[in-house]
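Asker: Just upload35.txt, nothing more (compact mmCIF, C-alpha atoms):
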```txt
# COMPACT_ATOMS: atom_id res chain seq x y z
CA MET A 185 100.27 137.45 299.12
CA ASN A 186 102.53 134.39 298.79
CA SER A 187 104.35 135.28 295.58
CA VAL A 188 106.84 132.81 294.11
CA THR A 189 110.00 133.22 292.11
CA ALA A 190 110.45 132.03 288.54
CA GLY A 191 111.65 128.69 289.93
CA GLY A 192 108.43 128.21 291.83
CA GLN A 193 109.91 129.00 295.26
CA LEU A 194 108.88 131.61 297.79
CA PRO A 195 111.51 134.40 298.03
CA TYR A 196 111.51 133.81 301.81
CA ARG A 197 111.33 130.82 304.17
CA ASP A 198 108.04 130.07 305.88
CA PHE A 199 107.97 129.91 309.67
CA ILE A 200 108.35 126.14 310.03
CA ALA A 201 111.03 125.74 307.35
CA GLN A 202 113.12 128.51 308.89
CA GLY A 203 112.95 126.98 312.37
CA LEU A 204 113.92 123.54 311.07
CA HIS A 205 116.85 125.05 309.17
CA TYR A 206 118.06 126.84 312.30
CA LEU A 207 117.71 123.85 314.61
CA THR A 208 119.54 121.46 312.28
CA ARG A 209 122.83 121.52 314.19
CA THR A 210 125.62 118.97 314.13
CA HIS A 211 126.62 117.52 317.51
CA SER A 212 129.63 115.28 318.10
CA GLY A 213 130.02 115.51 321.87
CA VAL A 214 130.30 117.72 324.94
CA PRO A 215 133.34 120.06 324.87
CA THR A 216 136.16 118.84 327.11
CA ALA A 217 138.00 122.16 327.27
CA GLU A 218 137.34 125.90 327.06
CA ILE A 219 136.06 126.93 323.64
CA ILE A 220 138.44 129.43 322.04
CA SER A 221 136.95 131.36 319.12
CA SER A 222 136.09 134.86 317.94
CA ALA A 223 132.57 134.23 319.25
CA ASN A 224 133.98 133.90 322.78
CA TRP A 225 133.97 137.56 323.76
CA LYS A 226 133.18 139.65 326.80
CA GLY A 227 131.40 142.96 326.39
CA ALA A 228 133.83 144.89 328.56
CA ALA A 229 136.63 144.05 326.11
CA LEU A 230 134.76 144.26 322.78
CA SER A 231 135.77 147.36 320.84
CA PRO A 232 132.98 149.26 319.03
CA ASP A 233 135.28 149.48 316.00
CA GLN A 234 135.13 145.68 315.69
CA ILE A 235 131.38 145.62 315.14
CA THR A 236 130.37 149.02 313.65
CA TRP A 237 129.92 150.03 310.01
CA ARG A 238 128.49 153.29 308.63
CA PHE A 239 126.58 153.52 305.35
CA THR A 240 128.12 155.79 302.73
CA ALA A 241 126.19 158.42 300.76
CA LYS A 242 126.65 156.31 297.61
CA GLN A 243 125.17 153.23 299.27
CA ILE A 244 122.23 155.19 300.68
CA ALA A 245 121.44 156.73 297.30
CA ALA A 246 121.52 153.33 295.58
CA LEU A 247 119.25 151.77 298.22
CA GLU A 248 116.79 154.65 297.99
CA GLN A 249 116.66 154.44 294.20
CA ARG A 250 115.94 150.71 294.24
CA ALA A 251 113.21 151.12 296.87
CA GLU A 252 111.55 153.86 294.80
CA GLU A 253 111.67 151.69 291.66
CA ILE A 254 110.13 148.75 293.51
CA GLN A 255 107.31 150.93 294.77
CA LEU A 256 106.63 152.19 291.24
CA GLU A 257 106.49 148.56 290.09
CA GLY A 258 103.80 147.95 292.71
CA LYS A 259 105.60 145.07 294.41
CA SER A 260 104.77 144.08 297.97
CA ILE A 261 107.52 143.08 300.39
CA ALA A 262 106.54 139.44 299.93
CA GLU A 263 107.33 139.76 296.21
CA VAL A 264 110.77 141.33 296.61
CA ALA A 265 113.73 139.04 295.90
CA ALA A 266 117.51 139.39 296.16
CA SER A 267 117.74 140.34 292.48
CA ASP A 268 115.74 143.50 293.23
CA PHE A 269 118.62 144.80 295.36
CA ASP A 270 121.65 143.91 293.24
CA ILE A 271 123.76 146.85 294.43
CA PRO A 272 127.54 146.49 293.83
CA ALA A 273 128.32 149.30 296.29
CA LEU A 274 127.06 147.08 299.13
CA ALA A 275 129.05 143.97 298.22
CA GLY A 276 131.95 144.72 300.58
CA PHE A 277 129.65 145.38 303.55
CA ILE A 278 127.65 142.19 302.93
CA ARG A 279 130.84 140.12 302.74
CA ASP A 280 132.15 141.64 305.99
CA TRP A 281 128.83 141.18 307.78
CA ARG A 282 128.53 137.51 306.81
CA GLN A 283 132.05 136.89 308.06
CA ALA A 284 131.32 138.69 311.35
CA LEU A 285 128.10 136.74 311.87
CA THR A 286 129.42 133.28 310.99
CA ASP A 287 133.11 133.38 311.99
CA GLY A 288 133.50 136.54 314.05
CA ALA A 289 131.95 138.07 317.15
CA GLY A 290 128.44 137.39 315.81
CA VAL A 291 127.24 140.99 315.96
CA VAL A 292 127.03 143.86 313.45
CA LEU A 293 125.94 147.46 314.01
CA ALA A 294 125.34 149.39 310.77
CA LYS A 295 124.54 153.07 311.17
CA GLY A 296 123.26 155.99 309.15
CA LEU A 297 120.12 155.08 307.20
CA PRO A 298 117.93 158.23 306.84
CA VAL A 299 114.76 156.50 308.02
CA HIS A 300 112.98 159.69 309.09
CA SER A 301 113.22 161.28 305.65
CA TRP A 302 112.46 157.98 303.91
CA GLY A 303 109.37 157.09 305.91
CA LYS A 304 108.36 153.59 307.05
CA ARG A 305 107.48 152.21 303.59
CA THR A 306 110.85 152.99 301.98
CA ALA A 307 112.78 152.05 305.13
CA SER A 308 110.99 148.70 305.28
CA LEU A 309 111.75 147.91 301.64
CA VAL A 310 115.43 148.84 302.04
CA TYR A 311 115.74 146.74 305.19
CA TRP A 312 114.04 143.75 303.56
CA GLY A 313 116.30 144.10 300.52
CA ILE A 314 119.44 144.17 302.68
CA GLY A 315 118.17 141.01 304.34
CA HIS A 316 117.95 139.30 300.96
CA LEU A 317 121.55 140.27 300.16
CA LEU A 318 122.78 138.79 303.43
CA GLY A 319 120.71 135.60 303.54
CA LYS A 320 117.14 134.40 303.09
CA PRO A 321 114.46 136.23 305.09
CA GLY A 322 111.82 134.22 306.86
CA ALA A 323 108.45 134.46 308.56
CA GLN A 324 108.40 135.14 312.29
CA ASN A 325 105.24 133.37 313.41
CA PRO A 326 102.63 130.87 312.16
CA GLN A 327 100.76 133.82 310.60
CA GLN A 328 103.80 134.27 308.30
CA GLU A 329 104.59 137.81 309.47
CA LEU A 330 107.68 138.93 307.55
CA LEU A 331 108.71 142.12 309.33
CA GLY A 332 107.93 142.24 313.03
CA HIS A 333 107.04 145.58 314.62
CA VAL A 334 108.75 145.83 318.00
CA LYS A 335 106.82 148.47 319.94
CA ASP A 336 104.59 148.88 322.96
CA TYR A 337 101.06 147.83 322.04
CA ARG A 338 99.99 148.23 325.68
CA GLU A 339 98.67 144.69 325.82
CA HIS A 340 98.21 143.14 329.24
CA HIS A 341 97.63 139.40 329.43
CA PRO A 342 99.77 136.47 330.68
CA GLU A 343 100.84 135.14 327.28
CA VAL A 344 101.61 138.45 325.57
CA ARG A 345 104.93 138.46 323.70
CA LEU A 346 107.16 140.85 325.59
CA TYR A 347 108.42 142.55 322.43
CA ARG A 348 104.87 143.97 322.20
CA THR A 349 105.35 145.72 325.56
CA ASN A 350 107.87 148.13 327.08
CA ALA A 351 109.00 145.57 329.67
CA HIS A 352 112.44 144.19 330.39
CA ILE A 353 113.14 141.10 328.26
CA ARG A 354 115.46 138.40 329.56
CA PHE A 355 118.03 136.53 327.51
CA HIS A 356 116.83 134.44 324.60
CA CYS A 357 117.49 133.47 320.98
CA ASP A 358 115.09 133.56 318.05
CA PRO A 359 114.70 130.44 315.83
CA ALA A 360 116.62 131.83 312.85
CA ASP A 361 120.33 132.04 312.08
CA VAL A 362 120.30 135.84 312.37
CA VAL A 363 117.94 138.37 313.91
CA GLY A 364 118.06 141.98 312.76
CA LEU A 365 116.58 145.13 314.27
CA LEU A 366 116.18 148.42 312.40
CA CYS A 367 115.49 151.41 314.62
CA LEU A 368 112.81 153.70 313.20
CA GLN A 369 112.35 155.62 316.45
CA PRO A 370 114.27 155.26 319.74
CA SER A 371 112.61 155.43 323.13
CA ALA A 372 112.58 158.48 325.38
CA SER A 373 114.65 156.53 327.91
CA GLY A 374 115.79 152.94 328.40
CA GLY A 375 115.30 150.18 325.87
CA ALA A 376 118.97 149.27 325.47
CA SER A 377 119.62 146.10 323.50
CA ARG A 378 121.53 143.77 325.84
CA ILE A 379 123.60 141.01 324.26
CA ALA A 380 126.11 138.47 325.55
CA SER A 381 128.18 135.70 324.01
CA SER A 382 126.57 132.32 324.69
CA VAL A 383 130.03 130.82 324.09
CA ALA A 384 131.52 132.94 326.88
CA ILE A 385 128.59 132.09 329.15
CA PHE A 386 129.09 128.37 328.46
CA ASN A 387 132.81 128.62 329.21
CA GLU A 388 132.05 130.28 332.55
CA ILE A 389 129.45 127.64 333.44
CA ARG A 390 131.92 124.91 332.51
CA ARG A 391 134.60 126.58 334.66
CA ARG A 392 132.22 126.55 337.62
CA ASP A 393 130.81 123.05 337.14
CA PRO A 394 131.71 120.87 334.10
CA GLN A 395 129.05 118.29 334.93
CA LEU A 396 126.34 120.91 335.06
CA ALA A 397 127.54 122.40 331.77
CA ALA A 398 127.07 118.98 330.15
CA ARG A 399 123.33 119.20 330.96
CA LEU A 400 123.05 121.92 328.28
CA PHE A 401 123.51 119.19 325.65
CA LYS A 402 120.37 117.34 326.72
CA PRO A 403 116.78 118.44 325.98
CA PHE A 404 114.96 121.11 327.98
CA ARG A 405 111.19 121.51 327.97
CA MET A 406 110.19 124.83 326.41
CA ASP A 407 106.80 126.45 327.00
CA ARG A 408 104.77 126.93 323.82
CA ARG A 409 102.91 129.89 325.36
CA GLY A 410 99.53 129.04 323.89
CA GLU A 411 100.72 128.31 320.33
CA GLU A 412 100.17 124.56 320.56
CA THR A 413 97.59 122.88 318.35
CA PRO A 414 94.45 121.40 319.97
CA GLY A 415 95.24 118.13 321.69
CA SER A 416 99.03 118.57 321.63
CA ARG A 417 101.19 119.06 324.71
CA PRO A 418 101.88 122.67 325.72
CA TRP A 419 105.66 122.37 325.53
CA ASP A 420 108.39 121.23 323.13
CA LEU A 421 111.69 119.50 323.75
CA ILE A 422 114.65 121.66 322.70
CA THR A 423 118.34 120.88 323.20
CA PRO A 424 120.02 124.18 324.12
CA SER A 425 123.58 123.48 322.93
CA CYS A 426 125.28 121.48 320.18
CA PHE A 427 129.03 121.18 319.55
CA ASP A 428 130.51 119.84 316.31
CA GLY A 429 134.05 119.59 317.62
CA ALA A 430 134.92 123.18 316.73
CA THR A 431 131.82 125.40 316.96
CA LEU A 432 129.33 125.73 319.80
CA ARG A 433 125.76 126.65 318.75
CA THR A 434 123.22 127.49 321.43
CA PHE A 435 119.49 128.15 321.43
CA TRP A 436 118.39 129.67 324.73
CA HIS A 437 115.17 131.11 326.11
CA THR A 438 115.15 131.99 329.81
CA ASP A 439 111.46 132.87 330.00
CA TYR A 440 110.16 129.87 328.07
CA PHE A 441 112.48 127.36 329.75
CA GLU A 442 111.32 128.70 333.12
CA SER A 443 107.60 129.24 332.52
CA VAL A 444 107.09 125.64 331.37
CA ALA A 445 106.74 124.80 335.07
CA ARG A 446 103.28 126.45 335.03
CA HIS A 447 101.89 123.37 333.29
CA GLN A 448 100.45 120.39 335.10
CA ASP A 449 102.96 117.66 336.04
CA VAL A 450 105.95 119.75 334.89
CA GLU A 451 108.60 120.63 337.45
CA LEU A 452 112.05 122.05 336.80
CA THR A 453 114.93 119.94 338.04
CA ARG A 454 117.60 121.44 340.27
CA GLU A 455 120.05 121.33 337.34
CA GLU A 456 117.61 123.14 335.03
CA SER A 457 116.85 125.83 337.61
CA THR A 458 120.53 126.39 338.32
CA LEU A 459 121.41 126.69 334.62
CA ILE A 460 118.59 129.19 334.06
CA GLU A 461 119.79 131.21 337.05
CA TRP A 462 123.43 131.10 335.93
CA PHE A 463 122.68 132.05 332.32
CA GLU A 464 120.96 135.23 333.52
CA GLU A 465 123.52 135.98 336.21
CA ILE A 466 126.56 135.55 333.98
CA GLY A 467 125.02 137.21 330.92
CA ASN A 468 124.01 140.27 332.95
CA ASP A 469 127.44 140.62 334.55
CA PRO A 470 128.89 143.96 333.32
CA ALA A 471 132.06 142.10 332.35
CA PHE A 472 130.12 139.81 329.99
CA ARG A 473 127.25 141.87 328.60
CA LEU A 474 127.21 144.58 325.95
CA ASP A 475 124.43 147.19 326.03
CA MET A 476 123.65 149.04 322.80
CA ASP A 477 121.50 152.18 322.64
CA PHE A 478 119.94 152.54 319.20
CA GLU A 479 119.66 155.71 317.15
CA ALA A 480 117.17 156.12 314.31
CA GLY A 481 118.66 154.46 311.23
CA ASP A 482 120.73 151.86 313.11
CA ILE A 483 120.61 148.20 312.06
CA GLN A 484 121.74 145.57 314.56
CA LEU A 485 122.37 142.03 313.28
CA ILE A 486 123.23 139.20 315.66
CA SER A 487 123.83 135.47 315.37
CA ASN A 488 121.28 133.39 317.25
CA HIS A 489 123.84 130.57 317.39
CA SER A 490 126.48 132.41 319.41
CA ILE A 491 124.70 135.32 321.10
CA VAL A 492 121.80 135.66 323.52
CA HIS A 493 119.91 138.93 323.52
CA GLY A 494 117.45 140.82 325.68
CA ARG A 495 116.36 144.37 326.39
CA THR A 496 116.10 146.78 329.28
CA ALA A 497 112.69 148.28 330.08
CA TYR A 498 111.90 151.60 328.46
CA THR A 499 109.55 154.58 328.53
CA ASP A 500 108.06 156.55 325.64
CA ASN A 501 106.96 160.15 325.41
CA ASP A 502 104.89 161.66 322.59
CA THR A 503 106.69 159.41 320.10
CA SER A 504 106.86 155.64 320.54
CA ARG A 505 109.93 153.44 320.31
CA HIS A 506 109.59 151.46 317.08
CA LEU A 507 111.94 148.81 315.69
CA LEU A 508 111.51 146.54 312.68
CA ARG A 509 112.59 142.94 313.27
CA LEU A 510 113.97 140.69 310.54
CA TRP A 511 114.79 136.98 310.71
CA LEU A 512 117.32 135.50 308.30
CA SER A 513 118.64 132.09 307.33
CA LEU A 514 122.23 132.00 306.13
CA GLU A 515 122.57 129.54 303.27
```
Take the structure in the file and give it back as structure tokens.
Answerer:
Amino acid sequence: MNSVTAGGQLPYRDFIAQGLHYLTRTHSGVPTAEIISSANWKGAALSPDQITWRFTAKQIAALEQRAEEIQLEGKSIAEVAASDFDIPALAGFIRDWRQALTDGAGVVLAKGLPVHSWGKRTASLVYWGIGHLLGKPGAQNPQQELLGHVKDYREHHPEVRLYRTNAHIRFHCDPADVVGLLCLQPSASGGASRIASSVAIFNEIRRRDPQLAARLFKPFRMDRRGEETPGSRPWDLITPSCFDGATLRTFWHTDYFESVARHQDVELTREESTLIEWFEEIGNDPAFRLDMDFEAGDIQLISNHSIVHGRTAYTDNDTSRHLLRLWLSLE
């Protein structure tokens, strides 16, 4: 159901509008020096205290009450708006999280939601409501899916999205200002969320080869992985990095920048291949990366402008790893 607000607007961004909002980035020129900012961090030196919050009993009770009221009203997730989760007890957290995501390290870990006792329906409503408080949620694919289910569907074909498998996922960004993951059920083993600062990676590439780093500010071809319309080319042109004189914003996708070479008459240049190799090498360096093992009830929020993320492979037992994914635009 595509419900609208009183002003005639959807309470979320559709897939295309969200992507256009995210990719509208100001660019004034290639950086001529190392970028110094809070987003320039290395995992080995990032303190957990800098990025971790824990929900209080008062906040949990207020969230649970609102979710129960919404269910009694018969609203679907698509009909929920920010006004449905006007919870003063959360105001401080939301302010801190926005600051961390826009002007800080770009990552938030919020712990302690009782998802097992709530069940998936209440947990989903609470998560969606928190998203509305932080920004504007958006659809995650052309089918307008609002909450993605990250789990192993045991699908086996060349164009399967890796989040639907238990495989290792290489570094990438999603086309939204912020991506969130709520852990409903962790894996039996593996499945760590691996993140790295794209600002720190850029600085290291620039240290190694300034001319090669400048190539990041020119378009790359990105594989569309079967989502192109009939008659259109099977890849898009995406410029990985933009710099407005103060802030570096990067969209990266190792797999899609690399797999574009499977198409006829498309060949990666030496510069493109080297940058893809270096992004993975630097990001996976223990000095640069930060691995996060989720517990049930954890929410991870990361900026797609300043962080690349991936995942280690995992195994399940009698219960399956299950995360809910949320995409947000920050107004």
Asker: Looking at A:Leu507, A:Val363, A:Leu459, A:Ile200, which one is nearest to Val334 in chain A, with distances taken over only C-alpha atoms?
Answerer: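 Looking only at the distances to Val334 in chain A, the closest residue turns out to be A:Leu507.
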Asker: Place a sphere of radius 9 Å on (134.2, 132.4, 323.7) in the file coordinates and name every protein, DNA or RNA residue with an atom inside or on its surface, counting only C-alpha atoms; give the answer as a ChimeraX atom specification.
Answerer: /A:218-226,289,381-387,490
Asker: Hey, what's within 9 Å of Thr423 in chain A if we count all atoms listed in the file and toss same-chain stuff fewer than 6 positions away? As an MDAnalysis selection string, please?
Answerer: chainID A and resid 400:405 434:436
Asker: I need the residue nearest Ile466 in chain A from this list: A:Ile389, A:Ala275, A:Leu207, A:Leu366. Use only C-alpha atoms for the distance.
Answerer: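 Of the candidates, the smallest distance to Ile466 in chain A is held by A:Ile389.
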Asker: Using all atoms listed in the file, which of A:Ser487, A:Thr413, A:Ser371, A:Asn468 sits nearest Arg505 in chain A?
Answerer: A:Ser371
Asker: With only C-alpha atoms as the basis for distance, which of A:Gln255, A:Thr286, A:Thr210, A:Ser377 is at the shortest distance from Asp482 in chain A?
Answerer: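 Residue with the minimum atom-to-atom distance to Asp482 in chain A: A:Ser377.
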Asker: Using all atoms listed in the file, which residues sit within 9 Å of Trp281 in chain A once same-chain residues fewer than 5 positions away are excluded, as a list in words?
Answerer: Ile235, Gly276, Thr286, Gly290, Val291, Val292, Leu318 and Leu485 of chain A
Asker: What separation in Å, quoted to one decimal, exists between CA of Thr453 in chain A and CA of His437 in chain A?
Answerer: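 Computing it gives 16.3 Å between the two atoms.
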Asker: The residues within 12 Å of (124.3, 158.7, 307.0), using all atoms listed in the file and the coordinates of the file, should be reported as a PyMOL selection string; which are they?
Answerer: chain A and resi 237-245+294-301+479-482
Asker: Between A:Asp287, A:Gly258, A:Gln234, A:Glu253, which is the closest to Thr431 in chain A once you count only C-alpha atoms?
Answerer: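 That would be A:Asp287, the residue with the smallest distance to Thr431 in chain A.
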Asker: Point out the residue among A:Ala217, A:Leu510, A:Pro424, A:Leu247 with the least atom-to-atom distance to Gln484 in chain A, counting all atoms listed in the file.
Answerer: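 Closest candidate: A:Leu510.
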Asker: What lies within 7 Å of Ile379 in chain A using all atoms listed in the file, ignoring chain neighbours under 6 positions off, as number ranges by chain?
Answerer: A: 473-475, 491-494
